[in-house]
2 protein chains.
Amino acid sequence: MEQGKKIPDIVIKRLPIYYRFLTNLHQMGISRVSSTDLGKKMGITSSQVRQDFFNFGSFGLQGYGYDVDQLRQEIGAILGLDIPRSMIIIGAGHLGQALARHSAFEKDGYTVVGVFDINPHLIGENIRDVEIMHVNRITEFVSQNKVDIAVITVPRTYAKEVADLVIGLGIKGIWNFTSVKLAVPDDVAVENIHLSDSLMTLGYYMKEMHETKK
Amino acid sequence: MEQGKKIPDIVIKRLPIYYRFLTNLHQMGISRVSSTDLGKKMGITSSQVRQDFFNFGSFGLQGYGYDVDQLRQEIGAILGLDIPRSMIIIGAGHLGQALARHSAFEKDGYTVVGVFDINPHLIGENIRDVEIMHVNRITEFVSQNKVDIAVITVPRTYAKEVADLVIGLGIKGIWNFTSVKLAVPDDVAVENIHLSDSLMTLGYYMKEMHETKK
């Protein structure tokens, strides 16, 4: 991978989709794929596909298509899927518990190692062998365990406080499910899942289509 | 609102954020807000804020700032939040159940009216007064109840089948939580929440920051 070059965010967002598609092809026993077929899958042109990969150095052999397994491994490495990541979930409400039970993240190298809440009815319960602990044990836990990512699923009023806490503990990745826009230092990465915003956006497009039809 | 003009998606994505911010200000008793303060909140310039609103016709009084409650209501109307929406959830796994229990959508006008699955252990259970029904009852249910949105939380292998089913029943909005890119007719709106992709993207940025530091 070429260092120091800033890859456009839109290209980064396509990498997981390429990766998943190539994984499916690999499982189906397909060994080669053309940039045209990749582009069709992604809704972009074959030349955009080649340009996407060119950002990371040129791989694959044009004319003969790409080697599915090799390309899959290279994209996986770019995504850092070869680096195992440990996650703690803060907020064991419905959403936090659903994420803790969602085993699919593990195949991509993401493992939940701790779940935290303040609700006394939840503390001591287990989710897939991971105990729900009181939030006041986070500092101790993070000092004794490798934790890469904090998943924040608390009510929005606690979002800033929790983010500041985990950043202070040296955690460099935040997966934020609250609707709060978090202010973080430059060396901390944040990815947001804004459920309510997504739903409102859906409502907008439904309304828009209906009005356009009139 | 000006009809027939295509508003950029990036502006649409900002509307729910404006709306939430204005709701908070309103609850705190703030009656006026400047485009500068709105821009600061959104991470854009005040002139971009004015441009955003100009897309929907000019509202608010420059120099005196915007009337918080009026702007909130206007953006709410643009988002169609004054239109109550009924949702069914297909797939009552951990994520589907968490969404069904998530009461926060209701204050924006989104109500879950039905939950469907194929797992005999789940059918007949209740989630907040909504019964989990067998998927083979969807057609009957949709013919007897107003359903605007289908929330798809099934395993990815069933995603296409479920989407085709609900589109065939005339449902015009899909909130897709599977990693499958759905092909839908022009009059059906889709919003996607791709959890695994978001997590992989987070991993990429964490890796990228680490490498850049070296």
# chains A, B, ... in the order shown; residues from 1 in each chain; ligands from 1

$ interface_residues --of "chain A" --to "chain B" --cutoff "6 Å" --atoms "only C-alpha atoms" --output "list of chain:residue names"
A:Pro16, A:Leu79, A:Gly80, A:His94, A:Leu95, A:Ala98, A:Ala189, A:Glu191, A:Asp197, A:Leu202, A:Tyr204, A:Met206

$ write_last_selection --atoms "C-alpha atoms" --output "mmCIF file, in the first residue's frame"
data_model
loop_
_atom_site.group_PDB
_atom_site.id
_atom_site.type_symbol
_atom_site.label_atom_id
_atom_site.label_comp_id
_atom_site.auth_asym_id
_atom_site.auth_seq_id
_atom_site.Cartn_x
_atom_site.Cartn_y
_atom_site.Cartn_z
ATOM 1 C CA PRO A 16 -16.111 -3.707 2.693
ATOM 2 C CA LEU A 79 -9.175 -3.089 5.846
ATOM 3 C CA GLY A 80 -6.973 -4.458 8.612
ATOM 4 C CA HIS A 94 -31.769 -3.682 23.699
ATOM 5 C CA LEU A 95 -29.392 -2.450 21.024
ATOM 6 C CA ALA A 98 -28.287 -7.282 20.242
ATOM 7 C CA ALA A 189 -11.363 7.053 14.782
ATOM 8 C CA GLU A 191 -17.776 5.536 12.923
ATOM 9 C CA ASP A 197 -31.458 9.877 11.135
ATOM 10 C CA LEU A 202 -36.151 7.157 4.480
ATOM 11 C CA TYR A 204 -38.069 12.066 3.373
ATOM 12 C CA MET A 206 -40.821 8.298 0.536
#

$ select_by_dssp --residues "stretch 2-197 of chain B" --states "strand (DSSP E)" --output "PDB file with N, CA, C and O atoms, in the first residue's frame"
ATOM      1  N   ARG B  32     -34.343  31.642  19.420  1.00  0.00           N
ATOM      2  CA  ARG B  32     -33.716  32.046  18.163  1.00  0.00           C
ATOM      3  C   ARG B  32     -32.303  31.458  18.073  1.00  0.00           C
ATOM      4  O   ARG B  32     -31.616  31.296  19.075  1.00  0.00           O
ATOM      5  N   VAL B  33     -31.879  31.153  16.838  1.00  0.00           N
ATOM      6  CA  VAL B  33     -30.532  30.619  16.632  1.00  0.00           C
ATOM      7  C   VAL B  33     -29.972  31.196  15.329  1.00  0.00           C
ATOM      8  O   VAL B  33     -30.702  31.375  14.349  1.00  0.00           O
ATOM      9  N   TYR B  66     -32.696  32.493  13.017  1.00  0.00           N
ATOM     10  CA  TYR B  66     -33.911  31.744  12.713  1.00  0.00           C
ATOM     11  C   TYR B  66     -34.755  31.571  13.963  1.00  0.00           C
ATOM     12  O   TYR B  66     -34.221  31.410  15.067  1.00  0.00           O
ATOM     13  N   ASP B  67     -36.073  31.553  13.773  1.00  0.00           N
ATOM     14  CA  ASP B  67     -36.994  31.203  14.852  1.00  0.00           C
ATOM     15  C   ASP B  67     -36.902  29.683  15.045  1.00  0.00           C
ATOM     16  O   ASP B  67     -37.214  28.911  14.135  1.00  0.00           O
ATOM     17  N   ARG B  85     -46.043   7.006  10.208  1.00  0.00           N
ATOM     18  CA  ARG B  85     -45.621   5.864   9.393  1.00  0.00           C
ATOM     19  C   ARG B  85     -45.726   4.577  10.213  1.00  0.00           C
ATOM     20  O   ARG B  85     -45.243   4.526  11.347  1.00  0.00           O
ATOM     21  N   SER B  86     -46.315   3.556   9.609  1.00  0.00           N
ATOM     22  CA  SER B  86     -46.388   2.245  10.258  1.00  0.00           C
ATOM     23  C   SER B  86     -45.320   1.339   9.679  1.00  0.00           C
ATOM     24  O   SER B  86     -45.122   1.299   8.470  1.00  0.00           O
ATOM     25  N   MET B  87     -44.670   0.593  10.572  1.00  0.00           N
ATOM     26  CA  MET B  87     -43.573  -0.280  10.117  1.00  0.00           C
ATOM     27  C   MET B  87     -43.856  -1.727  10.514  1.00  0.00           C
ATOM     28  O   MET B  87     -44.404  -1.995  11.586  1.00  0.00           O
ATOM     29  N   ILE B  88     -43.451  -2.651   9.660  1.00  0.00           N
ATOM     30  CA  ILE B  88     -43.361  -4.043  10.077  1.00  0.00           C
ATOM     31  C   ILE B  88     -41.888  -4.434  10.067  1.00  0.00           C
ATOM     32  O   ILE B  88     -41.102  -3.923   9.265  1.00  0.00           O
ATOM     33  N   ILE B  89     -41.535  -5.304  11.003  1.00  0.00           N
ATOM     34  CA  ILE B  89     -40.157  -5.786  11.088  1.00  0.00           C
ATOM     35  C   ILE B  89     -40.157  -7.239  10.662  1.00  0.00           C
ATOM     36  O   ILE B  89     -40.927  -8.047  11.211  1.00  0.00           O
ATOM     37  N   ILE B  90     -39.343  -7.582   9.683  1.00  0.00           N
ATOM     38  CA  ILE B  90     -39.262  -8.975   9.239  1.00  0.00           C
ATOM     39  C   ILE B  90     -37.903  -9.515   9.656  1.00  0.00           C
ATOM     40  O   ILE B  90     -36.857  -9.043   9.185  1.00  0.00           O
ATOM     41  N   TYR B 110     -42.875   7.099  13.868  1.00  0.00           N
ATOM     42  CA  TYR B 110     -42.676   5.753  13.302  1.00  0.00           C
ATOM     43  C   TYR B 110     -43.094   4.690  14.323  1.00  0.00           C
ATOM     44  O   TYR B 110     -42.488   4.569  15.380  1.00  0.00           O
ATOM     45  N   THR B 111     -44.138   3.927  13.991  1.00  0.00           N
ATOM     46  CA  THR B 111     -44.670   2.937  14.926  1.00  0.00           C
ATOM     47  C   THR B 111     -44.552   1.530  14.339  1.00  0.00           C
ATOM     48  O   THR B 111     -44.893   1.312  13.177  1.00  0.00           O
ATOM     49  N   VAL B 112     -44.081   0.608  15.152  1.00  0.00           N
ATOM     50  CA  VAL B 112     -44.015  -0.791  14.728  1.00  0.00           C
ATOM     51  C   VAL B 112     -45.383  -1.424  14.947  1.00  0.00           C
ATOM     52  O   VAL B 112     -45.911  -1.400  16.061  1.00  0.00           O
ATOM     53  N   VAL B 113     -45.971  -1.952  13.875  1.00  0.00           N
ATOM     54  CA  VAL B 113     -47.311  -2.535  13.986  1.00  0.00           C
ATOM     55  C   VAL B 113     -47.300  -4.057  13.835  1.00  0.00           C
ATOM     56  O   VAL B 113     -48.284  -4.725  14.174  1.00  0.00           O
ATOM     57  N   GLY B 114     -46.204  -4.618  13.348  1.00  0.00           N
ATOM     58  CA  GLY B 114     -46.146  -6.071  13.196  1.00  0.00           C
ATOM     59  C   GLY B 114     -44.706  -6.557  13.152  1.00  0.00           C
ATOM     60  O   GLY B 114     -43.829  -5.838  12.663  1.00  0.00           O
ATOM     61  N   VAL B 115     -44.478  -7.755  13.701  1.00  0.00           N
ATOM     62  CA  VAL B 115     -43.145  -8.361  13.659  1.00  0.00           C
ATOM     63  C   VAL B 115     -43.312  -9.783  13.123  1.00  0.00           C
ATOM     64  O   VAL B 115     -44.235 -10.502  13.538  1.00  0.00           O
ATOM     65  N   PHE B 116     -42.437 -10.179  12.202  1.00  0.00           N
ATOM     66  CA  PHE B 116     -42.582 -11.473  11.538  1.00  0.00           C
ATOM     67  C   PHE B 116     -41.280 -12.274  11.598  1.00  0.00           C
ATOM     68  O   PHE B 116     -40.188 -11.706  11.550  1.00  0.00           O
ATOM     69  N   ASP B 117     -41.431 -13.587  11.702  1.00  0.00           N
ATOM     70  CA  ASP B 117     -40.266 -14.474  11.690  1.00  0.00           C
ATOM     71  C   ASP B 117     -40.742 -15.848  11.227  1.00  0.00           C
ATOM     72  O   ASP B 117     -41.925 -16.056  10.958  1.00  0.00           O
ATOM     73  N   ASN B 126     -44.824 -11.737  22.395  1.00  0.00           N
ATOM     74  CA  ASN B 126     -45.154 -10.326  22.219  1.00  0.00           C
ATOM     75  C   ASN B 126     -43.962  -9.436  22.501  1.00  0.00           C
ATOM     76  O   ASN B 126     -43.203  -9.696  23.429  1.00  0.00           O
ATOM     77  N   ILE B 127     -43.827  -8.401  21.669  1.00  0.00           N
ATOM     78  CA  ILE B 127     -42.836  -7.360  21.922  1.00  0.00           C
ATOM     79  C   ILE B 127     -43.603  -6.057  22.041  1.00  0.00           C
ATOM     80  O   ILE B 127     -44.180  -5.587  21.052  1.00  0.00           O
ATOM     81  N   VAL B 130     -46.926  -5.999  20.498  1.00  0.00           N
ATOM     82  CA  VAL B 130     -46.987  -6.427  19.101  1.00  0.00           C
ATOM     83  C   VAL B 130     -46.601  -7.909  19.045  1.00  0.00           C
ATOM     84  O   VAL B 130     -45.555  -8.299  19.544  1.00  0.00           O
ATOM     85  N   GLU B 131     -47.476  -8.701  18.440  1.00  0.00           N
ATOM     86  CA  GLU B 131     -47.252 -10.141  18.387  1.00  0.00           C
ATOM     87  C   GLU B 131     -46.270 -10.498  17.271  1.00  0.00           C
ATOM     88  O   GLU B 131     -46.304  -9.908  16.191  1.00  0.00           O
ATOM     89  N   ILE B 132     -45.405 -11.450  17.535  1.00  0.00           N
ATOM     90  CA  ILE B 132     -44.545 -11.981  16.469  1.00  0.00           C
ATOM     91  C   ILE B 132     -45.360 -13.014  15.691  1.00  0.00           C
ATOM     92  O   ILE B 132     -45.854 -13.986  16.264  1.00  0.00           O
ATOM     93  N   MET B 133     -45.529 -12.774  14.400  1.00  0.00           N
ATOM     94  CA  MET B 133     -46.326 -13.658  13.543  1.00  0.00           C
ATOM     95  C   MET B 133     -45.431 -14.413  12.556  1.00  0.00           C
ATOM     96  O   MET B 133     -44.311 -13.983  12.285  1.00  0.00           O
ATOM     97  N   HIS B 134     -45.972 -15.513  12.026  1.00  0.00           N
ATOM     98  CA  HIS B 134     -45.227 -16.252  11.006  1.00  0.00           C
ATOM     99  C   HIS B 134     -45.206 -15.424   9.712  1.00  0.00           C
ATOM    100  O   HIS B 134     -46.196 -14.775   9.367  1.00  0.00           O
ATOM    101  N   ILE B 149     -43.650   0.954   5.857  1.00  0.00           N
ATOM    102  CA  ILE B 149     -42.227   0.622   5.809  1.00  0.00           C
ATOM    103  C   ILE B 149     -42.007  -0.827   6.247  1.00  0.00           C
ATOM    104  O   ILE B 149     -42.607  -1.281   7.229  1.00  0.00           O
ATOM    105  N   ALA B 150     -41.150  -1.532   5.520  1.00  0.00           N
ATOM    106  CA  ALA B 150     -40.712  -2.868   5.949  1.00  0.00           C
ATOM    107  C   ALA B 150     -39.259  -2.767   6.424  1.00  0.00           C
ATOM    108  O   ALA B 150     -38.401  -2.271   5.688  1.00  0.00           O
ATOM    109  N   VAL B 151     -39.018  -3.194   7.645  1.00  0.00           N
ATOM    110  CA  VAL B 151     -37.668  -3.222   8.206  1.00  0.00           C
ATOM    111  C   VAL B 151     -37.155  -4.644   8.011  1.00  0.00           C
ATOM    112  O   VAL B 151     -37.766  -5.593   8.506  1.00  0.00           O
ATOM    113  N   ILE B 152     -36.063  -4.800   7.266  1.00  0.00           N
ATOM    114  CA  ILE B 152     -35.588  -6.143   6.933  1.00  0.00           C
ATOM    115  C   ILE B 152     -34.370  -6.492   7.779  1.00  0.00           C
ATOM    116  O   ILE B 152     -33.297  -5.917   7.619  1.00  0.00           O
ATOM    117  N   GLY B 173     -41.445   1.722   1.268  1.00  0.00           N
ATOM    118  CA  GLY B 173     -40.236   2.089   1.997  1.00  0.00           C
ATOM    119  C   GLY B 173     -39.585   0.866   2.617  1.00  0.00           C
ATOM    120  O   GLY B 173     -40.269   0.040   3.230  1.00  0.00           O
ATOM    121  N   ILE B 174     -38.274   0.710   2.431  1.00  0.00           N
ATOM    122  CA  ILE B 174     -37.554  -0.432   3.005  1.00  0.00           C
ATOM    123  C   ILE B 174     -36.380   0.093   3.824  1.00  0.00           C
ATOM    124  O   ILE B 174     -35.576   0.898   3.336  1.00  0.00           O
ATOM    125  N   TRP B 175     -36.310  -0.341   5.066  1.00  0.00           N
ATOM    126  CA  TRP B 175     -35.163  -0.038   5.923  1.00  0.00           C
ATOM    127  C   TRP B 175     -34.376  -1.345   6.018  1.00  0.00           C
ATOM    128  O   TRP B 175     -34.796  -2.277   6.697  1.00  0.00           O
ATOM    129  N   ASN B 176     -33.272  -1.385   5.292  1.00  0.00           N
ATOM    130  CA  ASN B 176     -32.554  -2.638   5.064  1.00  0.00           C
ATOM    131  C   ASN B 176     -31.341  -2.776   5.979  1.00  0.00           C
ATOM    132  O   ASN B 176     -30.381  -2.016   5.855  1.00  0.00           O
ATOM    133  N   ALA B 189     -38.441   3.503  -1.864  1.00  0.00           N
ATOM    134  CA  ALA B 189     -37.254   4.095  -1.241  1.00  0.00           C
ATOM    135  C   ALA B 189     -36.580   3.068  -0.333  1.00  0.00           C
ATOM    136  O   ALA B 189     -37.255   2.284   0.339  1.00  0.00           O
ATOM    137  N   VAL B 190     -35.247   3.054  -0.352  1.00  0.00           N
ATOM    138  CA  VAL B 190     -34.476   2.141   0.503  1.00  0.00           C
ATOM    139  C   VAL B 190     -33.458   2.939   1.289  1.00  0.00           C
ATOM    140  O   VAL B 190     -32.771   3.807   0.733  1.00  0.00           O
ATOM    141  N   GLU B 191     -33.375   2.692   2.571  1.00  0.00           N
ATOM    142  CA  GLU B 191     -32.260   3.203   3.369  1.00  0.00           C
ATOM    143  C   GLU B 191     -31.558   1.997   3.975  1.00  0.00           C
ATOM    144  O   GLU B 191     -32.202   1.074   4.474  1.00  0.00           O
ATOM    145  N   ASN B 192     -30.233   2.017   3.919  1.00  0.00           N
ATOM    146  CA  ASN B 192     -29.457   0.869   4.387  1.00  0.00           C
ATOM    147  C   ASN B 192     -28.711   1.178   5.672  1.00  0.00           C
ATOM    148  O   ASN B 192     -28.177   2.273   5.836  1.00  0.00           O
TER     149      ASN B 192
END

$ residues_around --residues "A:Val68" --least-positions-apart "3" --cutoff "9 Å" --atoms "only C-alpha atoms" --output "list in words"
Leu22, Thr23, Leu25, His26, Ile30, Ser31, Arg32, Val33, Gly65, Leu71, Arg72 and Gln73 of chain A

$ write_last_selection --atoms "N, CA and C atoms" --output "tab-separated table (two decimals), in the first residue's frame"
chain	number	residue	atom	x	y	z
A	22	LEU	N	-16.28	-10.57	-2.85
A	22	LEU	CA	-15.18	-11.50	-3.18
A	22	LEU	C	-15.23	-12.73	-2.28
A	23	THR	N	-15.60	-12.54	-1.02
A	23	THR	CA	-15.73	-13.67	-0.10
A	23	THR	C	-16.80	-14.63	-0.60
A	25	LEU	N	-17.86	-14.97	-3.73
A	25	LEU	CA	-17.36	-15.61	-4.95
A	25	LEU	C	-16.41	-16.75	-4.59
A	26	HIS	N	-15.51	-16.47	-3.63
A	26	HIS	CA	-14.52	-17.45	-3.20
A	26	HIS	C	-15.22	-18.70	-2.65
A	30	ILE	N	-15.43	-19.59	-7.33
A	30	ILE	CA	-15.04	-18.76	-8.48
A	30	ILE	C	-13.62	-18.25	-8.24
A	31	SER	N	-12.73	-18.40	-9.23
A	31	SER	CA	-11.33	-18.03	-8.99
A	31	SER	C	-10.93	-16.71	-9.66
A	32	ARG	N	-11.64	-16.30	-10.73
A	32	ARG	CA	-11.29	-15.04	-11.39
A	32	ARG	C	-12.54	-14.20	-11.60
A	33	VAL	N	-12.35	-12.86	-11.53
A	33	VAL	CA	-13.49	-11.96	-11.75
A	33	VAL	C	-12.98	-10.74	-12.52
A	65	GLY	N	-8.62	-10.39	-15.78
A	65	GLY	CA	-9.42	-10.20	-14.56
A	65	GLY	C	-8.56	-10.34	-13.33
A	71	LEU	N	-7.19	-10.99	-4.45
A	71	LEU	CA	-7.78	-9.65	-4.30
A	71	LEU	C	-8.51	-9.55	-2.96
A	72	ARG	N	-9.20	-10.63	-2.60
A	72	ARG	CA	-9.93	-10.67	-1.33
A	72	ARG	C	-8.95	-10.50	-0.16
A	73	GLN	N	-7.83	-11.20	-0.24
A	73	GLN	CA	-6.84	-11.10	0.85
A	73	GLN	C	-6.21	-9.72	0.89

$ atom_distance --atom1 "atom CA of A:Thr178" --atom2 "atom CA of A:Asn119"
18.1 Å
